[in-house]
Each structure stands twice: as structure tokens, then as C-alpha cells.
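See structure below.
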Amino acid sequence: MNHTIATIAVLVASVFWGTTGTAASFAPDISPFAIGAFAMGFGGVLLCLTSLTQLINNAITLRKHYPLTLLGSACVAIYPLAFYTSMNSAGVAIGTVVSIASAPLFTVLLEYLIEKKPFATRWLVSFCFGAVGICLIALGKDSHSAAKGLFSQNIGILLGLIAGLTYAGYSWVAKRLISNGVHSRATMASLFGGAACVLLPSLLITGDTLFATVINTSVALYMAIVPMFFGYWLFSIGLKTIAASQAVLITLLEPIIATVLAIVILNEQFQQIGWLGIGLVGVSLVIQTVNIKQFVIHCKKRILTI
């Protein structure tokens, strides 16, 4: 597959994921745990139902790599619980920064420690811009919530790191399965389908308001179908061609989309330092997605033809 198409697929997936916060705000009475469990759980069911042929055709390969599949499913199941609990314990800003900014680092560490892939200078520079940018975006958000206690913040930071690690974990597992010959759709269906076996039963405890109103139902279905089903289908397409560490780094576009939607639709306040953060994440994405050398050569050719 063309590298550009793979990159675009991950970017579009990030746009879909960036809409989740704004969508969830229209159903504030739904527990964050419930919305996360339903979105990823029902999204997993949809991935399985629409990928039955691929799952059957890849059943032997999946069984051969069942430890990877179980690990990936566990990461998918743990991620939303750790992510939302992190924000609840440490605050939205800290929880978001730790979870999102740590995921690319954990991914490249997994590739380095297990696959012996060296750190690319381009990736490292891009990550530095992106990590600083995410921190500034969080600082730019005008939060009126009360300050969290030190113990609660520390627990939240730890859970944020777990969220980042599990996000990196299932992204890395997905790439490994695809590299081992499993169809990309079968890969995502197996990981999210396995997680659904844990996430959906949890709704018996947390999902009492999930379908209480038409708005709640609409939000829940949107979250499951668009960001989760279509988002992870596109993400799997990207993983066919690009490394997990690069794909996860590209998804730093997600908080930019989330922030812009919060400002435009929800009228949230945003400080100037946050715009600097958006700019830095933009630089990070350009470094990671644009082949600078080929771009310079192309520009030189265009200039010479003028």
C-alpha cells in the first residue's frame, strides 16, 4: 500500500477520535466508564460482524499467535478504564497529557526492546515537538475544576502511564499480527472482539443511563460506530504500511481536533499558550508525515522548470 494513503488513513482516524470528547459532552449523565466500555466494546462487536470472512480465513494464523492476540485484547480492555480513571483522579489536563504523550514513547520502546528497531532521529525530533505541544495544549485549557490532592494526582499519573502503555501495547500487537500475515481487519476484530467480552458485561454496573434518553442513545451509538468502528478500521489500514511508533505519533492530531471542536462548538476558553502547543504538534506531524528530502527535491525541480 502507498505510504501516503496509509498516513492519510491514520490522520482521518485521529480526526474521528478527536470528536469523542465533544460528542460525550452532549450526554453528561453517562458515566465516562460506561461510554468508553460501550464504544470500544460495541465497536469491537461491529468489527467482528463485518470481518467474519477475514476472521475465518485467518483463524489458523490467529491461533498460532494467540498469546499476542490475548495481550492485545487485554490492552484494549484496560485502556479506557485506565484513561478515564486517570482524568478523574489527576484532572483532565494532567490525565490527557500523560496518557497521550506517553503512548508514542512506549510504542517506540516496545519496538526497540522486542524487535531491536533503532530509534530514528526523525521520529525523536517529531516526538519532542509533539510531547511539548501536548503539554502546552493542556495548559491552554481553562479548567475551573478544583485542584486534586497530591495522592490523587500521583494515582492519576500512574493510571495515565498505564493508559499510554496499553494504547502503545495494542497498537504494537496489531502491527505485529499484520506483519505476521493476519489480515488487518481480522487483526482489529480479534483484538476488540476479545476486549468486548470484558467491556460489555461491565455495563451491567456502569451503564444504567446509557440508553435513558434519545440523546444518550445517539451519543453512545455515534461513539461506537464512527470513532471506534471506522476509526480503528482506518488505523488498521495505516498499520499495513507504517510502523506502530509512527502511527501512534501521528495520532497526536487527535487532541488538536478535540480542542478546536471544544472551542468552536462548546465555547470553551483557550489561552494563547495552547495555540503555541497546537503549532508545535503541527510541526511534529509535518516532520513525521512529510518526506522532507523528497519535498526539497520536488521544489528544486519546480523552480528549475520556471
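The way I read the labels, and the way they are meant: chains A, B, ... in the order of the C-alpha cells, residue 1 as the first residue of every chain, and ligand 1 as the first ligand shown, with later ones counted on from there.
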
So that I can check the surroundings of Ala34 of chain A, please list as a list in words every protein, DNA and RNA residue that reaches within 8 Å of it, counting only C-alpha atoms and ignoring chain neighbours fewer than 4 positions away. Ile30, Phe38, Ser202, Leu203, Thr206, Gly207 and Leu210 of chain A

Deliver the residues from the most recent selection as a file, using N, CA and C atoms, as an mmCIF file, in the first residue's frame.
data_model
loop_
_atom_site.group_PDB
_atom_site.id
_atom_site.type_symbol
_atom_site.label_atom_id
_atom_site.label_comp_id
_atom_site.auth_asym_id
_atom_site.auth_seq_id
_atom_site.Cartn_x
_atom_site.Cartn_y
_atom_site.Cartn_z
ATOM 1 N N ILE A 30 -24.035 10.229 31.372
ATOM 2 C CA ILE A 30 -23.473 8.891 31.153
ATOM 3 C C ILE A 30 -22.092 8.833 31.788
ATOM 4 N N PHE A 38 -18.757 0.924 26.328
ATOM 5 C CA PHE A 38 -19.708 0.641 25.252
ATOM 6 C C PHE A 38 -19.094 0.933 23.895
ATOM 7 N N SER A 202 -19.360 -5.189 31.796
ATOM 8 C CA SER A 202 -19.174 -4.159 32.823
ATOM 9 C C SER A 202 -20.284 -3.121 32.790
ATOM 10 N N LEU A 203 -21.016 -3.050 31.670
ATOM 11 C CA LEU A 203 -22.110 -2.088 31.552
ATOM 12 C C LEU A 203 -23.274 -2.433 32.475
ATOM 13 N N THR A 206 -22.159 -0.098 35.216
ATOM 14 C CA THR A 206 -21.944 1.330 34.945
ATOM 15 C C THR A 206 -22.897 1.925 33.916
ATOM 16 N N GLY A 207 -23.647 1.088 33.184
ATOM 17 C CA GLY A 207 -24.391 1.600 32.034
ATOM 18 C C GLY A 207 -25.859 1.854 32.255
ATOM 19 N N LEU A 210 -27.110 4.687 29.969
ATOM 20 C CA LEU A 210 -26.577 4.669 28.609
ATOM 21 C C LEU A 210 -27.662 4.890 27.557
#

Within 12 Å of Ala39 of chain A, counting only C-alpha atoms, which residues qualify if same-chain residues fewer than 5 places away don't, as number ranges by chain? A: 17, 20, 23-24, 32-34, 44-47, 76-77, 80, 192, 195-196, 199-200, 203, 207, 210, 217-232

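With only C-alpha atoms as the atoms that count, the residue of A:Ile114, A:Ala189, A:Val214, A:Leu68 with the shortest distance to Phe42 of chain A is A:Ala189.
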
Can you tell me, as a PyMOL selection string, what residues are no more than 7 Å from segment 84-100 of chain A when counting only C-alpha atoms, ignoring any on the same chain fewer than 2 positions away? chain A and resi 32-33+80-82+102-103+134-135+138+148+152-153+155-157+159-161+163-164

Preceding selection exported with N, CA and C atoms as a CSV table (one decimal), in the first residue's frame:
chain,number,residue,atom,x,y,z
A,32,PRO,N,-18.3,8.2,32.3
A,32,PRO,CA,-17.2,8.0,31.4
A,32,PRO,C,-16.8,6.6,31.2
A,33,PHE,N,-16.8,5.8,32.3
A,33,PHE,CA,-16.5,4.4,32.2
A,33,PHE,C,-17.5,3.7,31.2
A,80,PRO,N,-9.4,2.0,28.2
A,80,PRO,CA,-10.4,3.1,28.5
A,80,PRO,C,-10.6,3.2,30.0
A,81,LEU,N,-10.5,2.1,30.8
A,81,LEU,CA,-10.7,2.2,32.2
A,81,LEU,C,-9.5,3.0,32.9
A,82,ALA,N,-8.3,2.7,32.4
A,82,ALA,CA,-7.2,3.5,32.9
A,82,ALA,C,-7.2,5.0,32.5
A,102,SER,N,2.6,9.9,26.5
A,102,SER,CA,3.5,8.7,26.8
A,102,SER,C,3.3,7.6,25.8
A,103,ALA,N,2.2,7.5,25.1
A,103,ALA,CA,1.9,6.4,24.2
A,103,ALA,C,3.0,6.3,23.1
A,134,ILE,N,1.7,18.9,23.3
A,134,ILE,CA,0.5,18.3,24.1
A,134,ILE,C,0.5,19.0,25.4
A,135,CYS,N,1.6,19.2,26.1
A,135,CYS,CA,1.7,19.8,27.4
A,135,CYS,C,1.1,21.2,27.3
A,138,ALA,N,-2.7,21.3,26.9
A,138,ALA,CA,-3.3,21.1,28.2
A,138,ALA,C,-3.3,22.3,29.1
A,148,LYS,N,-6.6,18.8,42.5
A,148,LYS,CA,-6.7,17.5,43.1
A,148,LYS,C,-5.6,17.4,44.2
A,152,SER,N,-4.0,11.8,45.0
A,152,SER,CA,-4.9,11.5,43.9
A,152,SER,C,-4.2,11.8,42.5
A,153,GLN,N,-3.4,12.9,42.5
A,153,GLN,CA,-2.7,13.2,41.3
A,153,GLN,C,-1.7,12.1,40.9
A,155,ILE,N,-1.8,9.0,41.7
A,155,ILE,CA,-2.5,7.8,41.2
A,155,ILE,C,-3.0,8.0,39.8
A,156,GLY,N,-3.4,9.3,39.5
A,156,GLY,CA,-3.9,9.6,38.2
A,156,GLY,C,-2.8,9.5,37.2
A,157,ILE,N,-1.6,10.0,37.6
A,157,ILE,CA,-0.4,10.0,36.7
A,157,ILE,C,0.0,8.5,36.4
A,159,LEU,N,-2.0,5.9,36.5
A,159,LEU,CA,-3.0,5.3,35.6
A,159,LEU,C,-2.9,5.9,34.2
A,160,GLY,N,-2.5,7.2,34.1
A,160,GLY,CA,-2.2,7.7,32.7
A,160,GLY,C,-1.1,7.0,32.0
A,161,LEU,N,-0.1,6.7,32.8
A,161,LEU,CA,1.1,5.9,32.2
A,161,LEU,C,0.6,4.5,31.7
A,163,ALA,N,-2.5,3.8,30.8
A,163,ALA,CA,-3.3,4.1,29.6
A,163,ALA,C,-2.4,4.2,28.4
A,164,GLY,N,-1.3,5.0,28.5
A,164,GLY,CA,-0.4,5.2,27.4
A,164,GLY,C,0.3,3.9,27.0

Compile the contact shell of segment 272-284 of chain A as a tab-separated table (two decimals) with N, CA and C atoms, in the first residue's frame: residues with an atom at most 10 Å away, counting only C-alpha atoms, same-chain residues fewer than 5 positions apart removed.
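Final file, out.tsv:
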chain	number	residue	atom	x	y	z
A	122	ARG	N	14.53	11.25	13.06
A	122	ARG	CA	13.33	11.96	12.62
A	122	ARG	C	12.18	11.74	13.60
A	123	TRP	N	12.00	10.49	14.04
A	123	TRP	CA	10.93	10.19	14.99
A	123	TRP	C	11.17	10.91	16.31
A	124	LEU	N	12.42	10.90	16.79
A	124	LEU	CA	12.74	11.51	18.08
A	124	LEU	C	12.48	13.01	18.06
A	125	VAL	N	12.89	13.68	16.98
A	125	VAL	CA	12.65	15.13	16.86
A	125	VAL	C	11.15	15.41	16.82
A	126	SER	N	10.43	14.61	16.03
A	126	SER	CA	8.99	14.77	15.93
A	126	SER	C	8.31	14.56	17.27
A	127	PHE	N	8.75	13.54	18.02
A	127	PHE	CA	8.17	13.25	19.34
A	127	PHE	C	8.40	14.41	20.31
A	128	CYS	N	9.59	14.99	20.30
A	128	CYS	CA	9.89	16.11	21.21
A	128	CYS	C	8.95	17.29	20.95
A	129	PHE	N	8.78	17.64	19.69
A	129	PHE	CA	7.85	18.72	19.35
A	129	PHE	C	6.43	18.36	19.79
A	130	GLY	N	6.02	17.12	19.52
A	130	GLY	CA	4.66	16.70	19.86
A	130	GLY	C	4.40	16.65	21.34
A	131	ALA	N	5.35	16.12	22.12
A	131	ALA	CA	5.16	16.00	23.57
A	131	ALA	C	5.05	17.37	24.22
A	132	VAL	N	5.94	18.29	23.83
A	132	VAL	CA	5.88	19.65	24.37
A	132	VAL	C	4.57	20.31	23.95
A	133	GLY	N	4.17	20.09	22.71
A	133	GLY	CA	2.93	20.68	22.21
A	133	GLY	C	1.71	20.20	22.98
A	134	ILE	N	1.65	18.89	23.28
A	134	ILE	CA	0.53	18.34	24.05
A	134	ILE	C	0.47	18.97	25.44
A	135	CYS	N	1.63	19.15	26.07
A	135	CYS	CA	1.68	19.79	27.39
A	135	CYS	C	1.14	21.21	27.33
A	136	LEU	N	1.51	21.97	26.30
A	136	LEU	CA	1.06	23.35	26.17
A	136	LEU	C	-0.44	23.42	25.87
A	137	ILE	N	-0.93	22.46	25.08
A	137	ILE	CA	-2.37	22.42	24.81
A	137	ILE	C	-3.15	22.22	26.10
A	138	ALA	N	-2.65	21.32	26.95
A	138	ALA	CA	-3.31	21.07	28.23
A	138	ALA	C	-3.27	22.31	29.11
A	139	LEU	N	-2.14	23.02	29.11
A	139	LEU	CA	-2.03	24.25	29.90
A	139	LEU	C	-2.96	25.33	29.36
A	140	GLY	N	-3.23	25.29	28.07
A	140	GLY	CA	-4.07	26.32	27.46
A	140	GLY	C	-5.54	26.15	27.75
A	141	LYS	N	-5.93	24.97	28.20
A	141	LYS	CA	-7.34	24.74	28.51
A	141	LYS	C	-7.70	25.40	29.83
A	142	ASP	N	-8.75	26.17	29.81
A	142	ASP	CA	-9.18	26.90	31.01
A	142	ASP	C	-10.00	25.96	31.89
A	249	LEU	N	2.40	8.19	16.83
A	249	LEU	CA	2.85	9.58	16.88
A	249	LEU	C	1.95	10.47	16.03
A	250	ILE	N	1.53	9.96	14.88
A	250	ILE	CA	0.64	10.72	14.00
A	250	ILE	C	-0.69	11.01	14.69
A	252	LEU	N	-1.26	12.13	17.40
A	252	LEU	CA	-1.24	13.34	18.22
A	252	LEU	C	-2.12	14.43	17.62
A	253	LEU	N	-2.58	14.20	16.38
A	253	LEU	CA	-3.56	15.11	15.79
A	253	LEU	C	-4.86	15.10	16.59
A	255	PRO	N	-5.76	15.34	19.88
A	255	PRO	CA	-6.07	16.42	20.83
A	255	PRO	C	-6.25	17.78	20.16
A	256	ILE	N	-5.63	17.99	18.99
A	256	ILE	CA	-5.86	19.24	18.27
A	256	ILE	C	-7.31	19.32	17.82
A	257	ILE	N	-7.80	18.26	17.22
A	257	ILE	CA	-9.20	18.22	16.77
A	257	ILE	C	-10.13	18.40	17.97
A	259	THR	N	-9.57	19.88	20.80
A	259	THR	CA	-9.50	21.24	21.32
A	259	THR	C	-10.27	22.22	20.44
A	260	VAL	N	-10.06	22.13	19.14
A	260	VAL	CA	-10.75	23.04	18.20
A	260	VAL	C	-12.26	22.85	18.29
A	289	THR	N	5.13	13.08	8.81
A	289	THR	CA	4.34	12.63	7.66
A	289	THR	C	4.88	13.08	6.32

Taking the DSSP assignment computed from this structure's backbone, write out as a ChimeraX atom specification all residues of segment 199-297 of chain A that belong to helix (DSSP H, G or I). /A:199,203-206,214-239,244-250,253-264,272-289,292-297

Just C-alpha atoms for this one: save the residues we selected as a PDB file, in the first residue's frame.
ATOM      1  CA  LEU A 199     -16.069  -4.398  28.486  1.00  0.00           C
ATOM      2  CA  LEU A 203     -22.110  -2.088  31.552  1.00  0.00           C
ATOM      3  CA  LEU A 204     -24.371  -4.043  33.909  1.00  0.00           C
ATOM      4  CA  ILE A 205     -22.735  -1.987  36.665  1.00  0.00           C
ATOM      5  CA  THR A 206     -21.944   1.330  34.945  1.00  0.00           C
ATOM      6  CA  VAL A 214     -32.660   9.563  22.733  1.00  0.00           C
ATOM      7  CA  ILE A 215     -29.626  11.843  23.046  1.00  0.00           C
ATOM      8  CA  ASN A 216     -27.777   9.376  25.242  1.00  0.00           C
ATOM      9  CA  THR A 217     -28.527   6.560  22.808  1.00  0.00           C
ATOM     10  CA  SER A 218     -27.431   8.662  19.830  1.00  0.00           C
ATOM     11  CA  VAL A 219     -24.164   9.635  21.510  1.00  0.00           C
ATOM     12  CA  ALA A 220     -23.412   6.043  22.520  1.00  0.00           C
ATOM     13  CA  LEU A 221     -24.073   4.707  19.023  1.00  0.00           C
ATOM     14  CA  TYR A 222     -22.060   7.501  17.401  1.00  0.00           C
ATOM     15  CA  MET A 223     -19.090   6.800  19.667  1.00  0.00           C
ATOM     16  CA  ALA A 224     -19.186   3.092  18.842  1.00  0.00           C
ATOM     17  CA  ILE A 225     -19.741   3.406  15.092  1.00  0.00           C
ATOM     18  CA  VAL A 226     -17.683   6.415  13.969  1.00  0.00           C
ATOM     19  CA  PRO A 227     -14.629   6.867  16.241  1.00  0.00           C
ATOM     20  CA  MET A 228     -14.288   3.222  17.254  1.00  0.00           C
ATOM     21  CA  PHE A 229     -15.522   1.119  14.313  1.00  0.00           C
ATOM     22  CA  PHE A 230     -14.487   3.349  11.412  1.00  0.00           C
ATOM     23  CA  GLY A 231     -11.573   4.898  13.323  1.00  0.00           C
ATOM     24  CA  TYR A 232      -9.873   1.612  14.130  1.00  0.00           C
ATOM     25  CA  TRP A 233     -10.667   0.185  10.697  1.00  0.00           C
ATOM     26  CA  LEU A 234      -8.726   3.110   9.199  1.00  0.00           C
ATOM     27  CA  PHE A 235      -5.986   2.714  11.807  1.00  0.00           C
ATOM     28  CA  SER A 236      -5.554  -0.927  10.783  1.00  0.00           C
ATOM     29  CA  ILE A 237      -5.202   0.160   7.151  1.00  0.00           C
ATOM     30  CA  GLY A 238      -2.404   2.512   8.158  1.00  0.00           C
ATOM     31  CA  LEU A 239      -0.619  -0.197  10.137  1.00  0.00           C
ATOM     32  CA  ALA A 244       3.303   1.325  15.059  1.00  0.00           C
ATOM     33  CA  SER A 245       5.554   4.015  16.587  1.00  0.00           C
ATOM     34  CA  GLN A 246       4.979   6.296  13.597  1.00  0.00           C
ATOM     35  CA  ALA A 247       1.225   5.635  13.535  1.00  0.00           C
ATOM     36  CA  VAL A 248       0.810   6.383  17.253  1.00  0.00           C
ATOM     37  CA  LEU A 249       2.847   9.581  16.884  1.00  0.00           C
ATOM     38  CA  ILE A 250       0.638  10.723  14.004  1.00  0.00           C
ATOM     39  CA  LEU A 253      -3.564  15.114  15.790  1.00  0.00           C
ATOM     40  CA  GLU A 254      -6.422  13.842  17.987  1.00  0.00           C
ATOM     41  CA  PRO A 255      -6.074  16.419  20.826  1.00  0.00           C
ATOM     42  CA  ILE A 256      -5.855  19.244  18.274  1.00  0.00           C
ATOM     43  CA  ILE A 257      -9.196  18.220  16.774  1.00  0.00           C
ATOM     44  CA  ALA A 258     -10.671  17.784  20.260  1.00  0.00           C
ATOM     45  CA  THR A 259      -9.501  21.242  21.324  1.00  0.00           C
ATOM     46  CA  VAL A 260     -10.746  23.036  18.204  1.00  0.00           C
ATOM     47  CA  LEU A 261     -14.166  21.365  18.473  1.00  0.00           C
ATOM     48  CA  ALA A 262     -14.393  22.270  22.166  1.00  0.00           C
ATOM     49  CA  ILE A 263     -13.695  25.918  21.330  1.00  0.00           C
ATOM     50  CA  VAL A 264     -15.984  26.158  18.293  1.00  0.00           C
ATOM     51  CA  GLN A 272      -2.695  31.719  23.979  1.00  0.00           C
ATOM     52  CA  ILE A 273      -0.075  29.245  25.175  1.00  0.00           C
ATOM     53  CA  GLY A 274      -2.365  26.469  23.967  1.00  0.00           C
ATOM     54  CA  TRP A 275      -2.233  27.781  20.395  1.00  0.00           C
ATOM     55  CA  LEU A 276       1.549  27.553  20.575  1.00  0.00           C
ATOM     56  CA  GLY A 277       1.086  23.922  21.595  1.00  0.00           C
ATOM     57  CA  ILE A 278      -1.152  23.300  18.584  1.00  0.00           C
ATOM     58  CA  GLY A 279       1.543  24.814  16.377  1.00  0.00           C
ATOM     59  CA  LEU A 280       4.214  22.538  17.862  1.00  0.00           C
ATOM     60  CA  VAL A 281       2.071  19.439  17.370  1.00  0.00           C
ATOM     61  CA  GLY A 282       1.518  20.616  13.797  1.00  0.00           C
ATOM     62  CA  VAL A 283       5.290  20.795  13.308  1.00  0.00           C
ATOM     63  CA  SER A 284       5.568  17.305  14.799  1.00  0.00           C
ATOM     64  CA  LEU A 285       3.029  15.947  12.317  1.00  0.00           C
ATOM     65  CA  VAL A 286       4.743  17.612   9.356  1.00  0.00           C
ATOM     66  CA  ILE A 287       8.107  16.148  10.368  1.00  0.00           C
ATOM     67  CA  GLN A 288       6.569  12.690  10.741  1.00  0.00           C
ATOM     68  CA  THR A 289       4.336  12.633   7.663  1.00  0.00           C
ATOM     69  CA  ILE A 292      11.431  16.454   3.665  1.00  0.00           C
ATOM     70  CA  LYS A 293      14.160  15.230   1.307  1.00  0.00           C
ATOM     71  CA  GLN A 294      11.713  14.369  -1.474  1.00  0.00           C
ATOM     72  CA  PHE A 295       9.825  17.618  -0.858  1.00  0.00           C
ATOM     73  CA  VAL A 296      13.024  19.683  -1.277  1.00  0.00           C
ATOM     74  CA  ILE A 297      13.960  17.787  -4.457  1.00  0.00           C
TER      75      ILE A 297
END

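Comparing A:Ile162, A:Ala174, A:Val15, A:Ile35 by their smallest distance to Phe106 of chain A, the closest is A:Ile162 (using only C-alpha atoms).
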
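Residue nearest Leu52 of chain A within the list A:Ile242, A:Ala101, A:Ile265, A:Ala186: A:Ala186 [criterion: smallest interatomic distance, only C-alpha atoms].
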